[in-house]
There are 2 protein chains.
Amino acid sequence: METGHRQDQRTATERRRTELLEAAERVVLRDGPEASMNAIAAEAGITKPILYRHFGDKSGLYRALAKRHTDALLATLRSALDSPGDRRDRVEATLHAYLSAIETRPQVYRFLMHPAETPAADGEKGFDVGRHQAPLLRRMGEDLGEVIAERLDLGPDSRQVARIWGHGIVGMMFAAGDWWLGERPCSRDELVRTLADLLWGRLTLAGDRAGSQGL
Amino acid sequence: METGHRQDQRTATERRRTELLEAAERVVLRDGPEASMNAIAAEAGITKPILYRHFGDKSGLYRALAKRHTDALLATLRSALDSPGDRRDRVEATLHAYLSAIETRPQVYRFLMHPAETPAADGEKGFDVGRHQAPLLRRMGEDLGEVIAERLDLGPDSRQVARIWGHGIVGMMFAAGDWWLGERPCSRDELVRTLADLLWGRLTLAGDRAGSQGL
DNA sequence: CGTACTTGTTACTTGCGGTAACAGCAGTCT
DNA sequence: AGACTGCTGTTACCGCAAGTAACAAGTACG
């Protein structure tokens, strides 16, 4: 029967694909994002052309690899966003979830956020600033914006405001987390509380320092 | 006279260096960060080894090139931070300065923020997540943290809080700016006002949407 | 059986980062 | 004058990684 054969082939191909992705993951986690296609192929027990047949080119493989992790991380964040408690509790839980994720697997984090993307391979020559480099940031920003828009009443332009805040808050989390992960200047808990304080407007309430011209 | 010669040579070398940097800048602005050393050398009217004598390796050249722009941008931001008006005015002025900078020269922005950094060239194999990739973000965060610490009284742990906020606010500005630059979903003014609202605690004040479980 | 398709190979091209090795051209020291 | 130093610049190469033919084998289908 033809369709049976075809389907067998299709699922077999998919399984092979995930096997290759797992091999690639092992290498990337060991050698960092600059892992070569040869190394990945060797780890998978095969040779380069097969990788190319499955993923087109290197950035294709990397995109496939990134998608798994971004999906997982986004699911984690979504569930933290749905955790019990008041608004502040939820925000803190989400920050904790993010920081905990990047803390326990810094190699994965580095791969997702600082991908290297060797040849850029744009094709079209538009000014598409920042389209390929860190899709995770964008997706997180969009997702958070949607959640905010769903749950908060922000007056007219509610959706627009929610999107801006989504990207802004995600960026805050990202930059603070990146810095924290590199320098470890304080405990995770302290970082979370201080960032939440920032979102809660403590910046507005702080007094000017004596002798300063005021911020 | 020896010192005269030495000094002539030194200044001549420095002038040559800036000439090479200017050529590199032209190429990078034309071809993006993936510009090859050959292309840069050709633009400067010379060949590769000279570039290597001056800058050591590619990342050396890129660092030298980046330093000029980061210094310039940081100076702009510092002066916006010192602009007249109340605290809110200063924050908005700074956001405007940043967004205006990335808007008018997106190629420079892309080069600074998404450098590509081909071989990673770590040397030491530590888990130095995110040390080379976007020094600008780190520097902006540190600088803003210092300014906040100088000017605001944040109680005990003041310096720590200020640093965290510095990196957080810079990250907010960065991610929102990157997204805005790519999609242009609203005017610069609206973006600035909405981000300032976020910092001013409007997130805390917003009411839950009917039918939602509350954020 | 031949046809078609998938999996795999070896061997190649192209291009880039980086490095010898060498040549010329100041000015300096003896 | 002539040897030494230090700069500018070259050509020609190495090593390596991305990506691509071209070809070999197994296997379901008519």
# chains A, B, ... in the order shown; residues from 1 in each chain; ligands from 1

call {"tool": "interface_residues", "arguments": {"of": "chain A", "to": "chain C", "cutoff": "9 Å", "atoms": "only C-alpha atoms (C1' of nucleotides)", "output": "list in words"}}
result
Gln9, Ile46, Thr47, Pro49 and Ile50 of chain A

call {"tool": "write_last_selection", "arguments": {"atoms": "N, CA, C and O atoms", "output": "mmCIF file, in the first residue's frame"}}
result
data_model
loop_
_atom_site.group_PDB
_atom_site.id
_atom_site.type_symbol
_atom_site.label_atom_id
_atom_site.label_comp_id
_atom_site.auth_asym_id
_atom_site.auth_seq_id
_atom_site.Cartn_x
_atom_site.Cartn_y
_atom_site.Cartn_z
ATOM 1 N N GLN A 9 7.440 6.489 6.042
ATOM 2 C CA GLN A 9 8.597 7.297 5.678
ATOM 3 C C GLN A 9 8.541 8.660 6.365
ATOM 4 O O GLN A 9 9.530 9.141 6.884
ATOM 5 N N ILE A 46 26.919 10.554 11.493
ATOM 6 C CA ILE A 46 26.749 10.632 10.044
ATOM 7 C C ILE A 46 27.648 11.733 9.477
ATOM 8 O O ILE A 46 28.571 12.174 10.132
ATOM 9 N N THR A 47 27.356 12.183 8.277
ATOM 10 C CA THR A 47 28.178 13.227 7.663
ATOM 11 C C THR A 47 27.324 14.428 7.254
ATOM 12 O O THR A 47 26.100 14.364 7.218
ATOM 13 N N PRO A 49 26.282 16.269 4.571
ATOM 14 C CA PRO A 49 25.186 16.469 3.604
ATOM 15 C C PRO A 49 23.813 16.076 4.137
ATOM 16 O O PRO A 49 22.799 16.670 3.757
ATOM 17 N N ILE A 50 23.782 15.094 5.023
ATOM 18 C CA ILE A 50 22.488 14.700 5.578
ATOM 19 C C ILE A 50 21.897 15.817 6.411
ATOM 20 O O ILE A 50 20.700 16.119 6.316
#

call {"tool": "select_by_dssp", "arguments": {"residues": "range 20-135 of chain B", "states": "alpha helix (DSSP H)", "output": "VMD selection string"}}
result
chain B and resid 20 to 31 37 to 44 48 to 55 58 to 81 87 to 104 106 to 113 135

call {"tool": "interface_residues", "arguments": {"of": "chain D", "to": "chain A", "cutoff": "10 Å", "atoms": "only C-alpha atoms (C1' of nucleotides)", "output": "JSON, numbers by chain"}}
result
{"D": [16, 17, 18, 19, 20, 28, 29]}

call {"tool": "residues_around", "arguments": {"residues": "Thr18 in chain A", "least_positions_apart": "5", "cutoff": "12 Å", "atoms": "only C-alpha atoms (C1' of nucleotides)", "output": "PyMOL selection string"}}
result
chain A and resi 11-13+23-25+44+51+54-55+61+64-65+68

call {"tool": "residues_around", "arguments": {"residues": "His69 in chain B", "least_positions_apart": "6", "cutoff": "12 Å", "atoms": "only C-alpha atoms (C1' of nucleotides)", "output": "number ranges by chain"}}
result
B: 21-22, 25, 62-63, 75-76, 101-102, 105, 107-113, 135-136

call {"tool": "atom_distance", "arguments": {"atom1": "CA of Gly201 in chain A", "atom2": "CA of Leu181 in chain B"}}
result
26.4 Å

call {"tool": "atom_distance", "arguments": {"atom1": "CA of Gly45 in chain A", "atom2": "C1' of DT27 in chain D"}}
result
22.0 Å

call {"tool": "residues_around", "arguments": {"residues": "range 81-93 of chain A", "least_positions_apart": "2", "cutoff": "7 Å", "atoms": "only C-alpha atoms (C1' of nucleotides)", "output": "count of residues only"}}
result
10

call {"tool": "atom_distance", "arguments": {"atom1": "CA of Arg193 in chain B", "atom2": "CA of Trp180 in chain A"}}
result
28.0 Å
